[in-house]
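K.L.:
Have a look at this one.
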Amino acid sequence: MPRVKLFDQDAAKAKALKLFWEKGYESTSLSDLTSTLNIGKGSFYDTFGSKKELFLSCVEMYQTAGFDQLEILFSEKPDPTEAIRFMLDSHTAAMLADDGTKGCLLSNSTIEISDNGITTELLEKHNQELKQRFVTHLNRGTYKKDVGVLADAIILHTTGISVMSKYIQDPERFKQLNDLFMDSVY
């Protein structure tokens, strides 16, 4: 007879996501996870399979939330130029408001573990989906640049914000960079 889970798996996954985000994949040990989730190793393996499987599940949860936020933004700001400007400013504000200066989980993961094969395919898929969402929205406007290249530039710029905000906490500097970005592509 299967054992009944005595904990909320979604809440546990949210705690694991926070831990991976704060410590990184490599620095998060099984002991860290079982302690944070307040479960034994048997329950951990029975529920999540492995550290890698839990991490990938957490990344998927993080991506879904991010894509949902982006779709809300696009529906509230139908003008693509206005939406991109608002997204850049909002992303910058969120990164600078992060007390733990964690940055973006996906940017951090790309830097930390993209060379060991754990997340390369997942991150490539994420970037392709993100690019497609930007392209779809950008096709509503007219630009100096190809919208596919522009979508890649937006991803590159926001990734830079995510990384730089971990060690630079200067809102005016980021505002100037966002202004320059907007001026150069529109």
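Just so we're on the same page: first chain in the structure tokens is A, next is B, and so on; residues restart at 1 for each chain, and ligands are numbered from 1 in the order they show up.
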Just the residues within 10 Å of Asn108 (chain A), please, counting only C-alpha atoms, with nothing from its chain fewer than 2 positions along; format it as a list in words.

P.N.:
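My reading of the contact set: Phe20, Trp21, Glu22, Lys23, Gly24, Tyr25, Lys102, Gly103, Cys104, Leu105, Leu106, Thr110, Ile111, Glu112, Ile113, Ser114, Thr159, Ser162 and Val163 of chain A.
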
K.L.:
Include C-alpha atoms and write out the residues we just selected as a PDB file, in the first residue's frame.

P.N.:
ATOM      1  CA  PHE A  20      18.067  26.829  -5.103  1.00  0.00           C
ATOM      2  CA  TRP A  21      17.667  30.519  -5.924  1.00  0.00           C
ATOM      3  CA  GLU A  22      19.605  31.625  -2.844  1.00  0.00           C
ATOM      4  CA  LYS A  23      22.373  29.005  -2.888  1.00  0.00           C
ATOM      5  CA  GLY A  24      22.514  27.796  -6.476  1.00  0.00           C
ATOM      6  CA  TYR A  25      22.114  24.243  -7.699  1.00  0.00           C
ATOM      7  CA  LYS A 102      19.609  36.793  -5.821  1.00  0.00           C
ATOM      8  CA  GLY A 103      19.100  38.021  -9.375  1.00  0.00           C
ATOM      9  CA  CYS A 104      17.132  35.826 -11.776  1.00  0.00           C
ATOM     10  CA  LEU A 105      17.066  32.083 -11.114  1.00  0.00           C
ATOM     11  CA  LEU A 106      17.451  31.295 -14.816  1.00  0.00           C
ATOM     12  CA  THR A 110      22.873  29.593 -16.862  1.00  0.00           C
ATOM     13  CA  ILE A 111      26.050  30.992 -15.350  1.00  0.00           C
ATOM     14  CA  GLU A 112      26.414  28.277 -12.732  1.00  0.00           C
ATOM     15  CA  ILE A 113      25.615  25.019 -14.465  1.00  0.00           C
ATOM     16  CA  SER A 114      25.055  25.416 -18.179  1.00  0.00           C
ATOM     17  CA  THR A 159      19.784  38.974 -18.494  1.00  0.00           C
ATOM     18  CA  SER A 162      19.656  40.318 -13.692  1.00  0.00           C
ATOM     19  CA  VAL A 163      23.370  39.659 -13.378  1.00  0.00           C
TER      20      VAL A 163
END

K.L.:
Quick one: pull the distance between CA of Thr92 (chain A) and CA of Asp10 (chain A), Å, one decimal.

P.N.:
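These two atoms are separated by 28.1 Å.
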
K.L.:
How many Å separate CA of Leu96 (chain A) from CA of Ser165 (chain A)?

P.N.:
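Separating CA of Leu96 (chain A) from CA of Ser165 (chain A) is a distance of 6.0 Å.
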
K.L.:
Show me, as a PDB file with all heavy atoms, in the first residue's frame, the residues that have an atom within 12 Å of Ser31 (chain A) when counting only C-alpha atoms, minus same-chain residues fewer than 2 positions from it.

P.N.:
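Contents of around27.pdb, as written:
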ATOM      1  N   ALA A  16      11.920  24.769  -1.883  1.00  0.00           N
ATOM      2  CA  ALA A  16      13.110  24.293  -2.600  1.00  0.00           C
ATOM      3  C   ALA A  16      13.546  25.315  -3.646  1.00  0.00           C
ATOM      4  O   ALA A  16      14.744  25.573  -3.821  1.00  0.00           O
ATOM      5  CB  ALA A  16      12.833  22.945  -3.254  1.00  0.00           C
ATOM      6  N   LEU A  19      15.426  28.017  -1.985  1.00  0.00           N
ATOM      7  CA  LEU A  19      16.752  27.543  -1.588  1.00  0.00           C
ATOM      8  C   LEU A  19      17.701  27.465  -2.789  1.00  0.00           C
ATOM      9  O   LEU A  19      18.848  27.934  -2.719  1.00  0.00           O
ATOM     10  CB  LEU A  19      16.632  26.172  -0.909  1.00  0.00           C
ATOM     11  CG  LEU A  19      17.912  25.594  -0.319  1.00  0.00           C
ATOM     12  CD1 LEU A  19      18.443  26.481   0.810  1.00  0.00           C
ATOM     13  CD2 LEU A  19      17.634  24.186   0.207  1.00  0.00           C
ATOM     14  N   SER A  27      25.561  24.310  -4.910  1.00  0.00           N
ATOM     15  CA  SER A  27      25.803  24.518  -3.478  1.00  0.00           C
ATOM     16  C   SER A  27      24.661  24.017  -2.601  1.00  0.00           C
ATOM     17  O   SER A  27      24.796  23.988  -1.375  1.00  0.00           O
ATOM     18  CB  SER A  27      26.041  26.000  -3.184  1.00  0.00           C
ATOM     19  OG  SER A  27      27.228  26.425  -3.819  1.00  0.00           O
ATOM     20  N   THR A  28      23.561  23.639  -3.202  1.00  0.00           N
ATOM     21  CA  THR A  28      22.434  23.118  -2.426  1.00  0.00           C
ATOM     22  C   THR A  28      22.604  21.613  -2.292  1.00  0.00           C
ATOM     23  O   THR A  28      22.577  20.877  -3.272  1.00  0.00           O
ATOM     24  CB  THR A  28      21.089  23.441  -3.121  1.00  0.00           C
ATOM     25  OG1 THR A  28      20.973  24.854  -3.252  1.00  0.00           O
ATOM     26  CG2 THR A  28      19.916  22.903  -2.329  1.00  0.00           C
ATOM     27  N   SER A  29      22.778  21.175  -1.061  1.00  0.00           N
ATOM     28  CA  SER A  29      22.978  19.744  -0.803  1.00  0.00           C
ATOM     29  C   SER A  29      21.645  19.056  -0.513  1.00  0.00           C
ATOM     30  O   SER A  29      20.629  19.711  -0.234  1.00  0.00           O
ATOM     31  CB  SER A  29      23.911  19.555   0.397  1.00  0.00           C
ATOM     32  OG  SER A  29      23.267  19.992   1.584  1.00  0.00           O
ATOM     33  N   LEU A  33      18.214  20.462   1.418  1.00  0.00           N
ATOM     34  CA  LEU A  33      16.850  20.291   0.924  1.00  0.00           C
ATOM     35  C   LEU A  33      15.966  19.579   1.948  1.00  0.00           C
ATOM     36  O   LEU A  33      14.866  20.058   2.247  1.00  0.00           O
ATOM     37  CB  LEU A  33      16.852  19.522  -0.398  1.00  0.00           C
ATOM     38  CG  LEU A  33      17.371  20.310  -1.592  1.00  0.00           C
ATOM     39  CD1 LEU A  33      17.701  19.388  -2.762  1.00  0.00           C
ATOM     40  CD2 LEU A  33      16.358  21.370  -2.022  1.00  0.00           C
ATOM     41  N   THR A  34      16.427  18.456   2.483  1.00  0.00           N
ATOM     42  CA  THR A  34      15.595  17.725   3.445  1.00  0.00           C
ATOM     43  C   THR A  34      15.353  18.543   4.708  1.00  0.00           C
ATOM     44  O   THR A  34      14.268  18.507   5.278  1.00  0.00           O
ATOM     45  CB  THR A  34      16.198  16.349   3.786  1.00  0.00           C
ATOM     46  OG1 THR A  34      17.527  16.511   4.281  1.00  0.00           O
ATOM     47  CG2 THR A  34      16.188  15.429   2.574  1.00  0.00           C
ATOM     48  N   SER A  35      16.352  19.312   5.126  1.00  0.00           N
ATOM     49  CA  SER A  35      16.197  20.168   6.302  1.00  0.00           C
ATOM     50  C   SER A  35      15.192  21.293   6.035  1.00  0.00           C
ATOM     51  O   SER A  35      14.292  21.550   6.843  1.00  0.00           O
ATOM     52  CB  SER A  35      17.550  20.745   6.703  1.00  0.00           C
ATOM     53  OG  SER A  35      17.406  21.671   7.742  1.00  0.00           O
ATOM     54  N   THR A  36      15.342  21.965   4.896  1.00  0.00           N
ATOM     55  CA  THR A  36      14.446  23.066   4.541  1.00  0.00           C
ATOM     56  C   THR A  36      13.011  22.577   4.344  1.00  0.00           C
ATOM     57  O   THR A  36      12.058  23.240   4.737  1.00  0.00           O
ATOM     58  CB  THR A  36      14.947  23.774   3.263  1.00  0.00           C
ATOM     59  OG1 THR A  36      16.232  24.325   3.536  1.00  0.00           O
ATOM     60  CG2 THR A  36      14.005  24.875   2.818  1.00  0.00           C
ATOM     61  N   LEU A  37      12.871  21.415   3.730  1.00  0.00           N
ATOM     62  CA  LEU A  37      11.546  20.875   3.445  1.00  0.00           C
ATOM     63  C   LEU A  37      10.965  20.107   4.634  1.00  0.00           C
ATOM     64  O   LEU A  37       9.805  19.708   4.612  1.00  0.00           O
ATOM     65  CB  LEU A  37      11.593  19.964   2.220  1.00  0.00           C
ATOM     66  CG  LEU A  37      12.154  20.584   0.934  1.00  0.00           C
ATOM     67  CD1 LEU A  37      12.128  19.578  -0.200  1.00  0.00           C
ATOM     68  CD2 LEU A  37      11.413  21.846   0.569  1.00  0.00           C
ATOM     69  N   ASN A  38      11.820  19.868   5.629  1.00  0.00           N
ATOM     70  CA  ASN A  38      11.423  19.147   6.840  1.00  0.00           C
ATOM     71  C   ASN A  38      10.871  17.754   6.515  1.00  0.00           C
ATOM     72  O   ASN A  38       9.809  17.357   6.999  1.00  0.00           O
ATOM     73  CB  ASN A  38      10.411  19.970   7.649  1.00  0.00           C
ATOM     74  CG  ASN A  38      10.312  19.490   9.079  1.00  0.00           C
ATOM     75  OD1 ASN A  38      11.263  18.940   9.632  1.00  0.00           O
ATOM     76  ND2 ASN A  38       9.151  19.695   9.693  1.00  0.00           N
ATOM     77  N   ILE A  39      11.614  17.047   5.654  1.00  0.00           N
ATOM     78  CA  ILE A  39      11.248  15.678   5.296  1.00  0.00           C
ATOM     79  C   ILE A  39      12.502  14.809   5.336  1.00  0.00           C
ATOM     80  O   ILE A  39      13.625  15.308   5.272  1.00  0.00           O
ATOM     81  CB  ILE A  39      10.594  15.582   3.897  1.00  0.00           C
ATOM     82  CG1 ILE A  39      11.546  16.085   2.794  1.00  0.00           C
ATOM     83  CG2 ILE A  39       9.274  16.338   3.871  1.00  0.00           C
ATOM     84  CD1 ILE A  39      11.012  15.892   1.380  1.00  0.00           C
ATOM     85  N   GLY A  40      12.304  13.529   5.433  1.00  0.00           N
ATOM     86  CA  GLY A  40      13.414  12.593   5.421  1.00  0.00           C
ATOM     87  C   GLY A  40      13.875  12.299   4.001  1.00  0.00           C
ATOM     88  O   GLY A  40      13.193  12.619   3.024  1.00  0.00           O
ATOM     89  N   LYS A  41      15.044  11.652   3.906  1.00  0.00           N
ATOM     90  CA  LYS A  41      15.585  11.332   2.579  1.00  0.00           C
ATOM     91  C   LYS A  41      14.657  10.407   1.797  1.00  0.00           C
ATOM     92  O   LYS A  41      14.494  10.568   0.590  1.00  0.00           O
ATOM     93  CB  LYS A  41      16.971  10.701   2.722  1.00  0.00           C
ATOM     94  CG  LYS A  41      18.034  11.685   3.131  1.00  0.00           C
ATOM     95  CD  LYS A  41      19.398  11.017   3.228  1.00  0.00           C
ATOM     96  CE  LYS A  41      20.432  12.041   3.676  1.00  0.00           C
ATOM     97  NZ  LYS A  41      21.765  11.451   3.800  1.00  0.00           N
ATOM     98  N   PHE A  44      11.915  12.383   0.433  1.00  0.00           N
ATOM     99  CA  PHE A  44      12.444  13.248  -0.624  1.00  0.00           C
ATOM    100  C   PHE A  44      12.537  12.472  -1.935  1.00  0.00           C
ATOM    101  O   PHE A  44      12.010  12.902  -2.968  1.00  0.00           O
ATOM    102  CB  PHE A  44      13.820  13.801  -0.241  1.00  0.00           C
ATOM    103  CG  PHE A  44      14.436  14.633  -1.323  1.00  0.00           C
ATOM    104  CD1 PHE A  44      14.139  15.975  -1.427  1.00  0.00           C
ATOM    105  CD2 PHE A  44      15.277  14.062  -2.273  1.00  0.00           C
ATOM    106  CE1 PHE A  44      14.676  16.744  -2.452  1.00  0.00           C
ATOM    107  CE2 PHE A  44      15.819  14.813  -3.300  1.00  0.00           C
ATOM    108  CZ  PHE A  44      15.517  16.167  -3.390  1.00  0.00           C
ATOM    109  N   LYS A  51      17.621  15.323  -6.683  1.00  0.00           N
ATOM    110  CA  LYS A  51      17.881  16.763  -6.598  1.00  0.00           C
ATOM    111  C   LYS A  51      17.697  17.395  -7.976  1.00  0.00           C
ATOM    112  O   LYS A  51      17.076  18.460  -8.100  1.00  0.00           O
ATOM    113  CB  LYS A  51      19.305  16.988  -6.077  1.00  0.00           C
ATOM    114  CG  LYS A  51      19.760  18.430  -6.070  1.00  0.00           C
ATOM    115  CD  LYS A  51      21.195  18.518  -5.552  1.00  0.00           C
ATOM    116  CE  LYS A  51      21.902  19.734  -6.072  1.00  0.00           C
ATOM    117  NZ  LYS A  51      23.291  19.838  -5.583  1.00  0.00           N
TER     118      LYS A  51
END

K.L.:
Which polymer residues have any atom within 12 Å of an atom of Asp183 (chain A), counting only C-alpha atoms, with same-chain residues fewer than 6 positions away left out, as number ranges by chain?

P.N.:
A: 81, 85, 143-144, 176-177

K.L.:
Taking only C-alpha atoms into account, which of A:Asp146, A:Asp152, A:Asp8, A:Glu82 comes nearest Asn127 (chain A)?

P.N.:
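Checking each candidate against Asn127 (chain A), we get A:Asp152 as the closest.
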
K.L.:
Using DSSP on the backbone coordinates, identify the residues of chain A assigned to alpha helix (DSSP H); present them as a PDB file with C-alpha atoms, in the first residue's frame.

P.N.:
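The resulting file, selection38.pdb, is reproduced below:
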ATOM      1  CA  GLN A   9       4.258  19.096  -2.187  1.00  0.00           C
ATOM      2  CA  ASP A  10       3.627  22.478  -3.821  1.00  0.00           C
ATOM      3  CA  ALA A  11       4.671  24.339  -0.669  1.00  0.00           C
ATOM      4  CA  ALA A  12       7.746  22.116  -0.426  1.00  0.00           C
ATOM      5  CA  LYS A  13       8.607  22.861  -4.050  1.00  0.00           C
ATOM      6  CA  ALA A  14       8.260  26.604  -3.382  1.00  0.00           C
ATOM      7  CA  LYS A  15      10.686  26.282  -0.453  1.00  0.00           C
ATOM      8  CA  ALA A  16      13.110  24.293  -2.600  1.00  0.00           C
ATOM      9  CA  LEU A  17      12.893  26.935  -5.332  1.00  0.00           C
ATOM     10  CA  LYS A  18      13.823  29.632  -2.828  1.00  0.00           C
ATOM     11  CA  LEU A  19      16.752  27.543  -1.588  1.00  0.00           C
ATOM     12  CA  PHE A  20      18.067  26.829  -5.103  1.00  0.00           C
ATOM     13  CA  TRP A  21      17.667  30.519  -5.924  1.00  0.00           C
ATOM     14  CA  GLU A  22      19.605  31.625  -2.844  1.00  0.00           C
ATOM     15  CA  LYS A  23      22.373  29.005  -2.888  1.00  0.00           C
ATOM     16  CA  LEU A  30      20.485  16.976  -0.182  1.00  0.00           C
ATOM     17  CA  SER A  31      20.808  17.751   3.523  1.00  0.00           C
ATOM     18  CA  ASP A  32      19.937  21.397   2.818  1.00  0.00           C
ATOM     19  CA  LEU A  33      16.850  20.291   0.924  1.00  0.00           C
ATOM     20  CA  THR A  34      15.595  17.725   3.445  1.00  0.00           C
ATOM     21  CA  SER A  35      16.197  20.168   6.302  1.00  0.00           C
ATOM     22  CA  THR A  36      14.446  23.066   4.541  1.00  0.00           C
ATOM     23  CA  LEU A  37      11.546  20.875   3.445  1.00  0.00           C
ATOM     24  CA  LYS A  41      15.585  11.332   2.579  1.00  0.00           C
ATOM     25  CA  GLY A  42      13.154   8.528   1.802  1.00  0.00           C
ATOM     26  CA  SER A  43      10.243  10.942   1.445  1.00  0.00           C
ATOM     27  CA  PHE A  44      12.444  13.248  -0.624  1.00  0.00           C
ATOM     28  CA  TYR A  45      13.414  10.550  -3.127  1.00  0.00           C
ATOM     29  CA  ASP A  46       9.910   9.064  -3.155  1.00  0.00           C
ATOM     30  CA  THR A  47       8.322  12.449  -3.868  1.00  0.00           C
ATOM     31  CA  PHE A  48      10.858  14.292  -6.026  1.00  0.00           C
ATOM     32  CA  LYS A  51      17.881  16.763  -6.598  1.00  0.00           C
ATOM     33  CA  LYS A  52      18.106  17.273 -10.357  1.00  0.00           C
ATOM     34  CA  GLU A  53      14.442  16.366 -10.924  1.00  0.00           C
ATOM     35  CA  LEU A  54      13.345  18.687  -8.112  1.00  0.00           C
ATOM     36  CA  PHE A  55      15.498  21.486  -9.497  1.00  0.00           C
ATOM     37  CA  LEU A  56      14.076  21.094 -12.999  1.00  0.00           C
ATOM     38  CA  SER A  57      10.567  21.064 -11.551  1.00  0.00           C
ATOM     39  CA  CYS A  58      11.339  24.263  -9.611  1.00  0.00           C
ATOM     40  CA  VAL A  59      12.718  25.918 -12.747  1.00  0.00           C
ATOM     41  CA  GLU A  60       9.560  24.956 -14.624  1.00  0.00           C
ATOM     42  CA  MET A  61       7.442  26.500 -11.843  1.00  0.00           C
ATOM     43  CA  TYR A  62       9.575  29.672 -11.998  1.00  0.00           C
ATOM     44  CA  GLN A  63       9.247  29.841 -15.792  1.00  0.00           C
ATOM     45  CA  THR A  64       5.490  29.410 -15.721  1.00  0.00           C
ATOM     46  CA  ALA A  65       5.126  32.277 -13.242  1.00  0.00           C
ATOM     47  CA  GLY A  66       7.374  34.484 -15.383  1.00  0.00           C
ATOM     48  CA  PHE A  67       5.531  33.688 -18.608  1.00  0.00           C
ATOM     49  CA  ASP A  68       2.207  34.351 -16.885  1.00  0.00           C
ATOM     50  CA  GLN A  69       3.455  37.768 -15.731  1.00  0.00           C
ATOM     51  CA  LEU A  70       4.674  38.583 -19.230  1.00  0.00           C
ATOM     52  CA  GLU A  71       1.305  37.693 -20.765  1.00  0.00           C
ATOM     53  CA  ILE A  72      -0.474  39.909 -18.219  1.00  0.00           C
ATOM     54  CA  LEU A  73       1.887  42.755 -19.109  1.00  0.00           C
ATOM     55  CA  PHE A  74       1.275  42.287 -22.846  1.00  0.00           C
ATOM     56  CA  SER A  75      -2.480  42.276 -22.325  1.00  0.00           C
ATOM     57  CA  GLU A  76      -2.331  45.443 -20.190  1.00  0.00           C
ATOM     58  CA  PRO A  80       4.767  46.824 -27.874  1.00  0.00           C
ATOM     59  CA  THR A  81       7.184  49.717 -27.316  1.00  0.00           C
ATOM     60  CA  GLU A  82       5.355  50.801 -24.177  1.00  0.00           C
ATOM     61  CA  ALA A  83       5.191  47.180 -22.969  1.00  0.00           C
ATOM     62  CA  ILE A  84       8.924  46.592 -23.472  1.00  0.00           C
ATOM     63  CA  ARG A  85       9.821  49.839 -21.696  1.00  0.00           C
ATOM     64  CA  PHE A  86       7.523  48.991 -18.800  1.00  0.00           C
ATOM     65  CA  MET A  87       8.912  45.435 -18.662  1.00  0.00           C
ATOM     66  CA  LEU A  88      12.524  46.688 -18.556  1.00  0.00           C
ATOM     67  CA  ASP A  89      11.753  49.210 -15.826  1.00  0.00           C
ATOM     68  CA  SER A  90       9.728  46.668 -13.823  1.00  0.00           C
ATOM     69  CA  HIS A  91      12.408  43.996 -14.180  1.00  0.00           C
ATOM     70  CA  THR A  92      15.083  46.460 -13.082  1.00  0.00           C
ATOM     71  CA  ALA A  93      13.025  47.555 -10.079  1.00  0.00           C
ATOM     72  CA  ALA A  94      12.384  43.938  -9.075  1.00  0.00           C
ATOM     73  CA  MET A  95      16.060  43.033  -9.353  1.00  0.00           C
ATOM     74  CA  LEU A  96      17.127  46.088  -7.334  1.00  0.00           C
ATOM     75  CA  ALA A  97      14.438  45.482  -4.689  1.00  0.00           C
ATOM     76  CA  LEU A 105      17.066  32.083 -11.114  1.00  0.00           C
ATOM     77  CA  LEU A 106      17.451  31.295 -14.816  1.00  0.00           C
ATOM     78  CA  SER A 107      20.325  33.727 -15.341  1.00  0.00           C
ATOM     79  CA  ASN A 108      22.060  32.384 -12.259  1.00  0.00           C
ATOM     80  CA  SER A 109      21.528  28.810 -13.414  1.00  0.00           C
ATOM     81  CA  THR A 110      22.873  29.593 -16.862  1.00  0.00           C
ATOM     82  CA  ILE A 111      26.050  30.992 -15.350  1.00  0.00           C
ATOM     83  CA  GLU A 112      26.414  28.277 -12.732  1.00  0.00           C
ATOM     84  CA  ILE A 113      25.615  25.019 -14.465  1.00  0.00           C
ATOM     85  CA  THR A 120      21.271  23.401 -21.131  1.00  0.00           C
ATOM     86  CA  GLU A 121      18.303  21.968 -23.016  1.00  0.00           C
ATOM     87  CA  LEU A 122      15.818  23.452 -20.556  1.00  0.00           C
ATOM     88  CA  LEU A 123      17.399  26.914 -20.754  1.00  0.00           C
ATOM     89  CA  GLU A 124      17.577  26.811 -24.545  1.00  0.00           C
ATOM     90  CA  LYS A 125      13.905  25.846 -24.662  1.00  0.00           C
ATOM     91  CA  HIS A 126      13.073  28.654 -22.229  1.00  0.00           C
ATOM     92  CA  ASN A 127      14.916  31.243 -24.338  1.00  0.00           C
ATOM     93  CA  GLN A 128      13.179  30.022 -27.498  1.00  0.00           C
ATOM     94  CA  GLU A 129       9.760  30.265 -25.862  1.00  0.00           C
ATOM     95  CA  LEU A 130      10.555  33.668 -24.374  1.00  0.00           C
ATOM     96  CA  LYS A 131      11.810  34.903 -27.741  1.00  0.00           C
ATOM     97  CA  GLN A 132       8.665  33.663 -29.468  1.00  0.00           C
ATOM     98  CA  ARG A 133       6.462  35.479 -26.955  1.00  0.00           C
ATOM     99  CA  PHE A 134       8.393  38.710 -27.549  1.00  0.00           C
ATOM    100  CA  VAL A 135       8.281  38.264 -31.338  1.00  0.00           C
ATOM    101  CA  THR A 136       4.517  37.701 -31.260  1.00  0.00           C
ATOM    102  CA  HIS A 137       4.001  40.892 -29.266  1.00  0.00           C
ATOM    103  CA  LEU A 138       6.589  42.926 -31.201  1.00  0.00           C
ATOM    104  CA  VAL A 147      11.800  41.587 -34.468  1.00  0.00           C
ATOM    105  CA  GLY A 148      13.635  38.280 -33.951  1.00  0.00           C
ATOM    106  CA  VAL A 149      16.914  40.127 -33.407  1.00  0.00           C
ATOM    107  CA  LEU A 150      15.107  42.658 -31.240  1.00  0.00           C
ATOM    108  CA  ALA A 151      13.617  39.871 -29.097  1.00  0.00           C
ATOM    109  CA  ASP A 152      17.106  38.397 -28.624  1.00  0.00           C
ATOM    110  CA  ALA A 153      18.401  41.863 -27.667  1.00  0.00           C
ATOM    111  CA  ILE A 154      15.648  42.235 -25.067  1.00  0.00           C
ATOM    112  CA  ILE A 155      16.533  38.851 -23.566  1.00  0.00           C
ATOM    113  CA  LEU A 156      20.225  39.749 -23.556  1.00  0.00           C
ATOM    114  CA  HIS A 157      19.549  43.137 -21.937  1.00  0.00           C
ATOM    115  CA  THR A 158      17.275  41.731 -19.216  1.00  0.00           C
ATOM    116  CA  THR A 159      19.784  38.974 -18.494  1.00  0.00           C
ATOM    117  CA  GLY A 160      22.445  41.650 -18.083  1.00  0.00           C
ATOM    118  CA  ILE A 161      20.198  43.530 -15.662  1.00  0.00           C
ATOM    119  CA  SER A 162      19.656  40.318 -13.692  1.00  0.00           C
ATOM    120  CA  VAL A 163      23.370  39.659 -13.378  1.00  0.00           C
ATOM    121  CA  MET A 164      24.592  43.221 -12.841  1.00  0.00           C
ATOM    122  CA  PRO A 171      18.795  52.726 -10.093  1.00  0.00           C
ATOM    123  CA  GLU A 172      19.924  55.783 -12.072  1.00  0.00           C
ATOM    124  CA  ARG A 173      22.617  53.781 -13.850  1.00  0.00           C
ATOM    125  CA  PHE A 174      20.104  51.130 -14.873  1.00  0.00           C
ATOM    126  CA  LYS A 175      17.629  53.812 -15.984  1.00  0.00           C
ATOM    127  CA  GLN A 176      20.295  55.274 -18.263  1.00  0.00           C
ATOM    128  CA  LEU A 177      21.065  51.814 -19.657  1.00  0.00           C
ATOM    129  CA  ASN A 178      17.372  51.130 -20.271  1.00  0.00           C
ATOM    130  CA  ASP A 179      17.026  54.538 -21.962  1.00  0.00           C
ATOM    131  CA  LEU A 180      20.012  53.777 -24.196  1.00  0.00           C
ATOM    132  CA  PHE A 181      18.593  50.364 -25.045  1.00  0.00           C
ATOM    133  CA  MET A 182      15.204  51.784 -25.975  1.00  0.00           C
ATOM    134  CA  ASP A 183      16.756  54.585 -28.040  1.00  0.00           C
ATOM    135  CA  SER A 184      18.998  52.184 -29.932  1.00  0.00           C
ATOM    136  CA  VAL A 185      16.319  49.731 -30.997  1.00  0.00           C
TER     137      VAL A 185
END

K.L.:
At what distance in Å, to one decimal, does CA of Asp98 (chain A) lie from CA of Lys77 (chain A)?

P.N.:
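Taking CA of Lys77 (chain A) as the start and CA of Asp98 (chain A) as the end point, the length is 24.8 Å.
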